[in-house]
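Colleague: Pasting a structure below so you can have a look.
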Amino acid sequence: MMSTPPLRRLALTLLLLALAACGGGGGSGDTGPLPEVDTRAVAQDDPGSTLPANWRQGPFAEIFVRAYQDSDGDGIGDLRGLISRLDYLKDLGVTGLWLMPVTASQDGDHGYAVTDYRRIERDYGSLADFDALVAAAHARGIGVVIDYVMNHSAAQHPAFVNSKAGTGNAFRDWYVWQAGHPSGWNVFGSDPWRNGFTGWYYAAFWDQMPDFNLKSATVVDWHHDNLRFWLNRGVDGFRFDAVGNLVENGPSAWESQPQNYTLMRGVKALVAGYERRFLVCESPANPLPFGDACGSAFAFGHQFDLIAAARGDATAVRAVADYFKTAPLTMSTMLSNHDSFAGQRAWDQFNGDQAQYRLAAATLLLMPGTPFIYYGEEIGMAGAATLSGDPKLRTPMSWTATSAGFTSGTPFRAVSANIASQNVAAQLTASNSLLAWYRAMTALRRANPSLNGGSYEAAVASGSLLHFQRAVAGERSLVLINYGRSNASATVDGLPASATLNNAFPPSGTDLATDAGGSVTVTVPAQSVRVLVLRS
Ligand code: GLC
C-alpha cells in the first residue's frame with residue numbers, strides 16, 4: 001500500500017469532514033447537521049362534518065390572511081383577526097372560505113413557499129388558533145378550505161435541504177435533479193433548471209420553490225399524509241395550487257401531463273373519503289380537464305368574459321352565455337383573484353364604474369358554477385396606487401377609511417388607493433352600496449335553490465342582453481341581465497301556459513304571467529338585472 005504524505009492526509013481528512021457536514025455531496029455551502037423531515041404517517045380519522053350538504057355550492061370568499069385583519073398590532077393579518085371577522089363574512093352570504101396558504105412559509109408573504117406542511121405560519125398564529133377558526137366558521141355554517149401546494153416546497157423545507165446535500169442523500173429523489181444543466185427548457189419565459197451545486201434542480205416558479213418529484217410514490221404518499229393531517233383536524237377541503245405543473249416529461253412536456261390527472265384523481269378520492277369535503281384546482285392553462293379530475297377547477301379565461309360582458313361587449317356576452325353549455329356546472333368562477341395574471345382588481349378593470357361592476361357581480365353570483373369573491377371585491381377595493389404586480393392586488397382589507405380598521409400598528413403593505421371612499425364601515429350603513437348589492441345577490445342565490453344548484457337552460461345572448469333559466473324540481477328561475485345602455489326586451493317561450501312568474505329581483509319589480517302559449521315578454525331597463533321564479 002502506498003503511504004499518504006501527512007499534509008495530503010490532513011487535506012483529505014478535512015475534505016471528508018466538510019463533505020459529511022453538508023450531507024456528502026459537497027459544495028452546497030450548508031454546514032451543520034441536516035434538518036429532520038417530518039415523515040410521520042397519518043391515518044384517516046374523519047371528525048365528520050356539521051356543514052349543510054350544499055355548503056360547497058358557495059359562494060366562497062378567497063381570503064389572504066396576511067391582509068385580512070390583524071389582531072395583535074404587528075401590522076400583519078392573523079387567524080385571530082380572521083375569526084373576529086367571521087360574522088361579516090356570514091352576513092356577506094358566503095358558505096365557504098378559501099384561505100391562501102396558512103402553512104409555515106419562507107416567503108414571509110403569499111405563503112406558496114412552504115417550509116412545513118403541518119404547521120401554521122408563525123405570523124398567522126398557532127394550530128390552536130387554526131382549530132378555533134375552523135370551529136368558529138363551522139358554527140356559522142361556513143366551511144374552510146386551505147391552499148395546498150403539492151407541486152413544490154420552499155428551498156428551506158427540510159426535505160429539500162437534505163435533497164440538495166448530495167446524490168447519496170435519502171431525500172435526493174424527492175425533488176427533480178439532473179447531473180448537468182439540461183438545455184432547451186423554457187417555462188413561463190425562463191429556464192426552470194437551477195444550479196444546486198450538487199446538481200441541477202427543477203423549479204418552475206422560482207429558484208426558492210423547487211418542484212417535488214411526483215413520480216415518486218414515497219413523495220405522493222407523504223403528501224397524502226399531510227392532507228389527512230388537515231382533514232383529520234376538520235378542514236373542509238383544499239384549493240390545489242398549480243396542478244398543471246405537477247409532473248415534467250421533457251422540455252416540451254412540462255404542462256398538464258397525463259400523470260397530473262392521475263395524481264389529482266388520487267387526491268380527489270382521498271378527499272371524498274371524508275364527509276362533505278371540497279376540492280378545487282388551479283390550472284390557468286387548462287382548466288376544464290381538471291374540473292373533471294378534481295371535481296372543480298377555476299374557470300380561467302371566463303373571468304375576462306365576465307368583465308368584458310359587464311362593459312357591454314356583445315362577443316363577451318355570447319361567450320358568457322355559452323360557457324356553461326359545455327363546461328361542467330361544478331367549475332369555480334371568479335371576477336379576479338390574488339394573481340395579477342388573472343386580471344387587476346375588478347374596481348380597476350371597471351375604472352370605478354359601479355353600474356358595470358354590479359352587472360359583473362350579478363352574473364358571477366346568479367350563473368352556475370361555484371362563485372368565489374376575492375376579499376374586498378364586495379366593497380370595490382382598488383389596487384394600491386404605489387405598488388405593481390401581485391402585491392398591488394394583495395393590500396390590507398379596507399375595513400375603515402384608513403388602515404386603522406385593519407391594524408392598530410403599521411400595515412405590512414400599502415393600503416388600497418380608494419380606501420377613503422370604498423371601505424366596509426362606509427358601506428355597511430348605505431343601503432345602495434356595492435356591499436349591499438353583493439349581499440342582495442348572495443341572498444338571492446341562496447334563497448332560490450334553482451339559482452344555487454340548478455341546471456342551466458335556454459341561454460340566449462342577444463346583443464348586450466343575456467337571459468337564461470335555471471331549474472331544480474319544483475322551481476325554475478328566469479334571469480335576465482341587460483348590459484346595454486338602453487332598455488331591452490326578450491320573449492321567453494316554452495314555459496307552462498298562464499303561469500305566474502314571481503318577481504324575485506329587483507325588490508320593486510312586479511309578478512308577471514305567461515300567456516296561453518307559455519310565452520312571456522320581459523323588458524329589462526338599461527344596465528339592470530331581473531329575476532323571476534316559477535314554482536310548481
Ligand atoms: C399559483 C398561485 C400563485 C403562486 C404559484 C406558485 O399560480 O396562485 O400565487 O405564486 O401558484 O405557487
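Chain labels follow the order of the C-alpha cells: the first chain is A, the next B, and so on; residue numbering restarts at 1 in every chain, and ligands are counted from 1 in their shown order.
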To check your reading of the model: which residues sit at most 9 Å from ligand 1 when counting only C-alpha atoms and all ligand atoms? Write the answer as a list in words.
Modeller: Met100, His110, Gly111, Tyr112, Ala113, Val149, Asn151, His152, Ser153, Ala204, Phe205, Trp206, Met209, Phe240, Asp241, Ala242, Val243, Glu282, Ser283, Pro284, Asn337, His338, Asp339, Ser340, Phe341 and Asp390 of chain A
Colleague: Just write the chosen residues, N, CA, C and O atoms, as a compact mmCIF listing (two decimals), in the first residue's frame.
Modeller:
# COMPACT_ATOMS: atom_id res chain seq x y z
N MET A 100 -55.67 31.42 1.32
CA MET A 100 -54.35 31.27 0.69
C MET A 100 -53.43 30.66 1.75
O MET A 100 -53.75 30.68 2.94
N HIS A 110 -46.95 35.61 0.48
CA HIS A 110 -48.09 34.87 -0.06
C HIS A 110 -48.21 33.45 0.48
O HIS A 110 -49.29 32.89 0.49
N GLY A 111 -47.08 32.86 0.90
CA GLY A 111 -47.15 31.55 1.55
C GLY A 111 -46.97 30.34 0.66
O GLY A 111 -47.01 29.21 1.14
N TYR A 112 -46.75 30.55 -0.65
CA TYR A 112 -46.65 29.39 -1.55
C TYR A 112 -45.29 28.69 -1.47
O TYR A 112 -45.12 27.64 -2.08
N ALA A 113 -44.34 29.26 -0.73
CA ALA A 113 -43.05 28.57 -0.50
C ALA A 113 -43.13 27.94 0.89
O ALA A 113 -42.73 28.52 1.90
N VAL A 149 -50.04 23.13 -1.57
CA VAL A 149 -49.05 23.26 -2.63
C VAL A 149 -48.29 21.93 -2.75
O VAL A 149 -47.34 21.68 -2.00
N ASN A 151 -47.00 20.88 -5.75
CA ASN A 151 -46.02 20.94 -6.84
C ASN A 151 -44.60 21.20 -6.37
O ASN A 151 -43.65 20.66 -6.90
N HIS A 152 -44.48 22.07 -5.36
CA HIS A 152 -43.14 22.47 -4.91
C HIS A 152 -43.17 22.78 -3.42
O HIS A 152 -44.23 23.02 -2.86
N SER A 153 -41.99 22.81 -2.82
CA SER A 153 -41.87 23.29 -1.44
C SER A 153 -40.99 24.52 -1.48
O SER A 153 -40.56 24.97 -2.55
N ALA A 204 -39.97 25.46 -11.34
CA ALA A 204 -40.68 26.17 -12.41
C ALA A 204 -40.97 27.62 -12.05
O ALA A 204 -40.89 28.51 -12.89
N PHE A 205 -41.31 27.87 -10.78
CA PHE A 205 -41.83 29.20 -10.43
C PHE A 205 -40.77 30.17 -9.92
O PHE A 205 -40.86 31.38 -10.12
N TRP A 206 -39.76 29.63 -9.21
CA TRP A 206 -38.82 30.50 -8.51
C TRP A 206 -37.69 29.59 -8.03
O TRP A 206 -37.94 28.45 -7.66
N MET A 209 -38.40 27.79 -4.91
CA MET A 209 -39.53 26.86 -4.82
C MET A 209 -39.26 25.64 -5.71
O MET A 209 -39.81 25.51 -6.81
N PHE A 240 -56.11 23.41 -4.65
CA PHE A 240 -54.83 22.81 -5.04
C PHE A 240 -54.11 23.71 -6.03
O PHE A 240 -54.62 24.04 -7.10
N ASP A 241 -52.91 24.08 -5.63
CA ASP A 241 -52.11 25.04 -6.38
C ASP A 241 -51.43 24.38 -7.59
O ASP A 241 -50.94 23.24 -7.49
N ALA A 242 -51.39 25.10 -8.68
CA ALA A 242 -50.50 24.77 -9.80
C ALA A 242 -50.58 23.32 -10.28
O ALA A 242 -49.55 22.69 -10.54
N VAL A 243 -51.79 22.78 -10.41
CA VAL A 243 -51.91 21.37 -10.78
C VAL A 243 -51.47 21.08 -12.21
O VAL A 243 -51.21 19.92 -12.55
N GLU A 282 -56.32 24.64 -9.35
CA GLU A 282 -55.88 25.81 -10.12
C GLU A 282 -55.04 25.36 -11.30
O GLU A 282 -53.93 24.85 -11.12
N SER A 283 -55.56 25.55 -12.49
CA SER A 283 -54.79 25.28 -13.71
C SER A 283 -55.15 26.35 -14.73
O SER A 283 -56.06 26.17 -15.54
N PRO A 284 -54.46 27.48 -14.67
CA PRO A 284 -54.81 28.58 -15.57
C PRO A 284 -54.75 28.18 -17.04
O PRO A 284 -55.57 28.63 -17.84
N ASN A 337 -58.59 37.30 -8.86
CA ASN A 337 -58.07 36.67 -7.65
C ASN A 337 -56.76 37.37 -7.24
O ASN A 337 -56.54 38.52 -7.61
N HIS A 338 -55.93 36.68 -6.47
CA HIS A 338 -54.73 37.30 -5.92
C HIS A 338 -53.57 37.37 -6.91
O HIS A 338 -52.52 37.90 -6.56
N ASP A 339 -53.74 36.79 -8.08
CA ASP A 339 -52.66 36.77 -9.07
C ASP A 339 -52.94 37.79 -10.18
O ASP A 339 -54.00 37.75 -10.81
N SER A 340 -51.95 38.61 -10.48
CA SER A 340 -52.20 39.66 -11.47
C SER A 340 -52.40 39.08 -12.88
O SER A 340 -53.03 39.70 -13.72
N PHE A 341 -51.89 37.85 -13.12
CA PHE A 341 -52.13 37.27 -14.45
C PHE A 341 -53.62 37.02 -14.68
O PHE A 341 -54.07 36.90 -15.82
N ASP A 390 -48.26 41.49 -8.32
CA ASP A 390 -49.20 40.86 -7.39
C ASP A 390 -49.43 41.65 -6.10
O ASP A 390 -50.56 41.73 -5.62
Colleague: So that I can check the secondary structure, give me every residue of segment 195-320 of chain A assigned strand (DSSP E or B) by backbone DSSP, as an mmCIF file with N, CA, C and O atoms, in the first residue's frame.
Modeller:
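The result, stored in result-v5.cif:
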data_model
loop_
_atom_site.group_PDB
_atom_site.id
_atom_site.type_symbol
_atom_site.label_atom_id
_atom_site.label_comp_id
_atom_site.auth_asym_id
_atom_site.auth_seq_id
_atom_site.Cartn_x
_atom_site.Cartn_y
_atom_site.Cartn_z
ATOM 1 N N ASN A 195 -29.018 25.918 -10.481
ATOM 2 C CA ASN A 195 -27.776 25.290 -10.022
ATOM 3 C C ASN A 195 -27.839 25.028 -8.522
ATOM 4 O O ASN A 195 -27.874 25.960 -7.724
ATOM 5 N N TRP A 200 -28.350 19.930 -10.830
ATOM 6 C CA TRP A 200 -29.302 20.966 -11.266
ATOM 7 C C TRP A 200 -30.700 20.534 -10.877
ATOM 8 O O TRP A 200 -31.098 19.402 -11.153
ATOM 9 N N TYR A 201 -31.426 21.408 -10.210
ATOM 10 C CA TYR A 201 -32.779 21.042 -9.788
ATOM 11 C C TYR A 201 -33.802 21.871 -10.554
ATOM 12 O O TYR A 201 -33.555 22.992 -10.979
ATOM 13 N N TYR A 202 -34.977 21.270 -10.689
ATOM 14 C CA TYR A 202 -36.061 21.887 -11.453
ATOM 15 C C TYR A 202 -36.938 22.720 -10.513
ATOM 16 O O TYR A 202 -37.388 22.219 -9.471
ATOM 17 N N ASP A 211 -39.405 22.062 -7.383
ATOM 18 C CA ASP A 211 -40.506 21.134 -7.655
ATOM 19 C C ASP A 211 -40.231 19.768 -7.026
ATOM 20 O O ASP A 211 -39.128 19.221 -7.150
ATOM 21 N N PHE A 212 -41.262 19.215 -6.417
ATOM 22 C CA PHE A 212 -41.177 17.838 -5.933
ATOM 23 C C PHE A 212 -41.118 16.880 -7.118
ATOM 24 O O PHE A 212 -41.651 17.176 -8.202
ATOM 25 N N GLY A 237 -61.541 20.990 3.040
ATOM 26 C CA GLY A 237 -61.056 20.700 1.708
ATOM 27 C C GLY A 237 -59.885 21.581 1.336
ATOM 28 O O GLY A 237 -59.305 22.264 2.182
ATOM 29 N N PHE A 238 -59.562 21.558 0.042
ATOM 30 C CA PHE A 238 -58.340 22.215 -0.422
ATOM 31 C C PHE A 238 -58.551 22.949 -1.730
ATOM 32 O O PHE A 238 -59.334 22.531 -2.580
ATOM 33 N N ARG A 239 -57.790 24.027 -1.879
ATOM 34 C CA ARG A 239 -57.585 24.647 -3.179
ATOM 35 C C ARG A 239 -56.193 24.173 -3.576
ATOM 36 O O ARG A 239 -55.207 24.424 -2.881
ATOM 37 N N PHE A 240 -56.111 23.410 -4.651
ATOM 38 C CA PHE A 240 -54.833 22.808 -5.042
ATOM 39 C C PHE A 240 -54.113 23.712 -6.029
ATOM 40 O O PHE A 240 -54.623 24.035 -7.100
ATOM 41 N N GLY A 250 -40.403 16.400 -20.161
ATOM 42 C CA GLY A 250 -39.454 16.847 -21.175
ATOM 43 C C GLY A 250 -39.635 18.319 -21.458
ATOM 44 O O GLY A 250 -40.603 18.927 -20.992
ATOM 45 N N ALA A 253 -42.883 19.077 -22.632
ATOM 46 C CA ALA A 253 -43.923 18.266 -21.968
ATOM 47 C C ALA A 253 -43.851 18.484 -20.460
ATOM 48 O O ALA A 253 -43.602 17.557 -19.686
ATOM 49 N N PHE A 278 -64.491 19.402 -0.034
ATOM 50 C CA PHE A 278 -64.495 20.083 -1.338
ATOM 51 C C PHE A 278 -63.066 20.220 -1.843
ATOM 52 O O PHE A 278 -62.147 20.494 -1.071
ATOM 53 N N LEU A 279 -62.903 20.026 -3.141
ATOM 54 C CA LEU A 279 -61.583 20.168 -3.758
ATOM 55 C C LEU A 279 -61.719 21.025 -5.007
ATOM 56 O O LEU A 279 -62.565 20.765 -5.857
ATOM 57 N N VAL A 280 -60.899 22.073 -5.105
ATOM 58 C CA VAL A 280 -60.902 22.911 -6.305
ATOM 59 C C VAL A 280 -59.458 23.103 -6.755
ATOM 60 O O VAL A 280 -58.562 23.325 -5.933
ATOM 61 N N CYS A 281 -59.236 22.967 -8.060
ATOM 62 C CA CYS A 281 -57.872 23.001 -8.584
ATOM 63 C C CYS A 281 -57.587 24.285 -9.364
ATOM 64 O O CYS A 281 -58.483 24.853 -9.981
ATOM 65 N N ALA A 297 -62.585 23.097 -10.784
ATOM 66 C CA ALA A 297 -61.362 23.834 -11.116
ATOM 67 C C ALA A 297 -61.777 25.257 -11.458
ATOM 68 O O ALA A 297 -62.917 25.487 -11.893
ATOM 69 N N PHE A 298 -60.879 26.185 -11.247
ATOM 70 C CA PHE A 298 -61.194 27.577 -11.564
ATOM 71 C C PHE A 298 -61.330 27.763 -13.070
ATOM 72 O O PHE A 298 -60.489 27.280 -13.837
#
Colleague: Give me, as a PyMOL selection string, all polymer residues having an atom no more than 10 Å from segment 303-319 of chain A, counting only C-alpha atoms and skipping those fewer than 2 positions away in the same chain.
Modeller: chain A and resi 298-301+321-324+333-337+342-343+346+349-350+353+355-364+459-466+481-485+527
Colleague: Identify which of the residues A:Arg530, A:Arg194, A:Arg277, A:Arg439 lies closest to Gln57 of chain A, counting only C-alpha atoms when measuring atom-to-atom distances.
Modeller: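 Result for the nearest residue to Gln57 of chain A: A:Arg277.
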Colleague: Using backbone DSSP assignments, extract all helix (DSSP H, G or I) residues from segment 383-412 of chain A; output them as a PyMOL selection string.
Modeller: chain A and resi 389-393+403-405
Colleague: Between atom CA of Pro182 of chain A and atom CA of Asp207 of chain A, what distance in Å does the model show, to one decimal?
Modeller: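 A separation of 15.3 Å between them.
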Colleague: When distances are computed from only C-alpha atoms, which of A:Ala136, A:Leu92, A:Glu62, A:Tyr175 shows the smallest separation from Leu79 of chain A?
Modeller: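 Result for the nearest residue to Leu79 of chain A: A:Ala136.
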Colleague: Within 7 Å of Val533 of chain A, counting only C-alpha atoms, which residues show up once you throw out same-chain ones fewer than 5 positions away? Write them as a list in words, please.
Modeller: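 Those residues are Glu475, Arg476, Ser477, Leu478, Leu501, Asn502, Asn503 and Ala504 of chain A.
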Colleague: Can you work out the spacing between atom CA of Pro258 of chain A and atom CA of Asp147 of chain A in Å, to one decimal?
Modeller: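 Interatomic distance, atom CA of Pro258 of chain A to atom CA of Asp147 of chain A: 22.7 Å.
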Colleague: In Å, with one decimal, what is the gap from atom CA of Gly48 of chain A to atom CA of Ile83 of chain A?
Modeller: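 Spanning atom CA of Gly48 of chain A to atom CA of Ile83 of chain A is a straight-line distance of 21.5 Å.
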Colleague: Can you tell me, as an NGL selection string, what residues are no more than 10 Å from Ala443 of chain A when counting only C-alpha atoms, ignoring any on the same chain fewer than 2 positions away?
Modeller: :A and (91-94 or 365 or 437-441 or 445-448)
Colleague: Just the residues within 9 Å of Phe412 of chain A, please, counting only C-alpha atoms, with nothing from its chain fewer than 2 positions along; format it as a list in words.
Modeller: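 Near Phe412 of chain A, the qualifying residues are Arg66, Ala67, Asp74, Gly75, Ile76, Gly77, Thr395, Pro396, Thr410 and Ala414 of chain A.
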Colleague: Would you kindly return, as an mmCIF file with N, CA and C atoms, in the first residue's frame, each protein, DNA or RNA residue with an atom no farther than 6 Å from any atom of segment 170-174 of chain A, considering only C-alpha atoms and excluding same-chain residues fewer than 6 positions away?
Modeller:
data_model
loop_
_atom_site.group_PDB
_atom_site.id
_atom_site.type_symbol
_atom_site.label_atom_id
_atom_site.label_comp_id
_atom_site.auth_asym_id
_atom_site.auth_seq_id
_atom_site.Cartn_x
_atom_site.Cartn_y
_atom_site.Cartn_z
ATOM 1 N N ASN A 162 -32.092 18.523 2.730
ATOM 2 C CA ASN A 162 -31.486 17.194 2.652
ATOM 3 C C ASN A 162 -31.177 16.816 1.209
ATOM 4 N N SER A 163 -32.186 16.987 0.367
ATOM 5 C CA SER A 163 -32.065 16.555 -1.024
ATOM 6 C C SER A 163 -30.867 17.211 -1.706
ATOM 7 N N PHE A 212 -41.262 19.215 -6.417
ATOM 8 C CA PHE A 212 -41.177 17.838 -5.933
ATOM 9 C C PHE A 212 -41.118 16.880 -7.118
ATOM 10 N N ASN A 213 -40.521 15.718 -6.869
ATOM 11 C CA ASN A 213 -40.563 14.630 -7.840
ATOM 12 C C ASN A 213 -41.815 13.812 -7.589
#
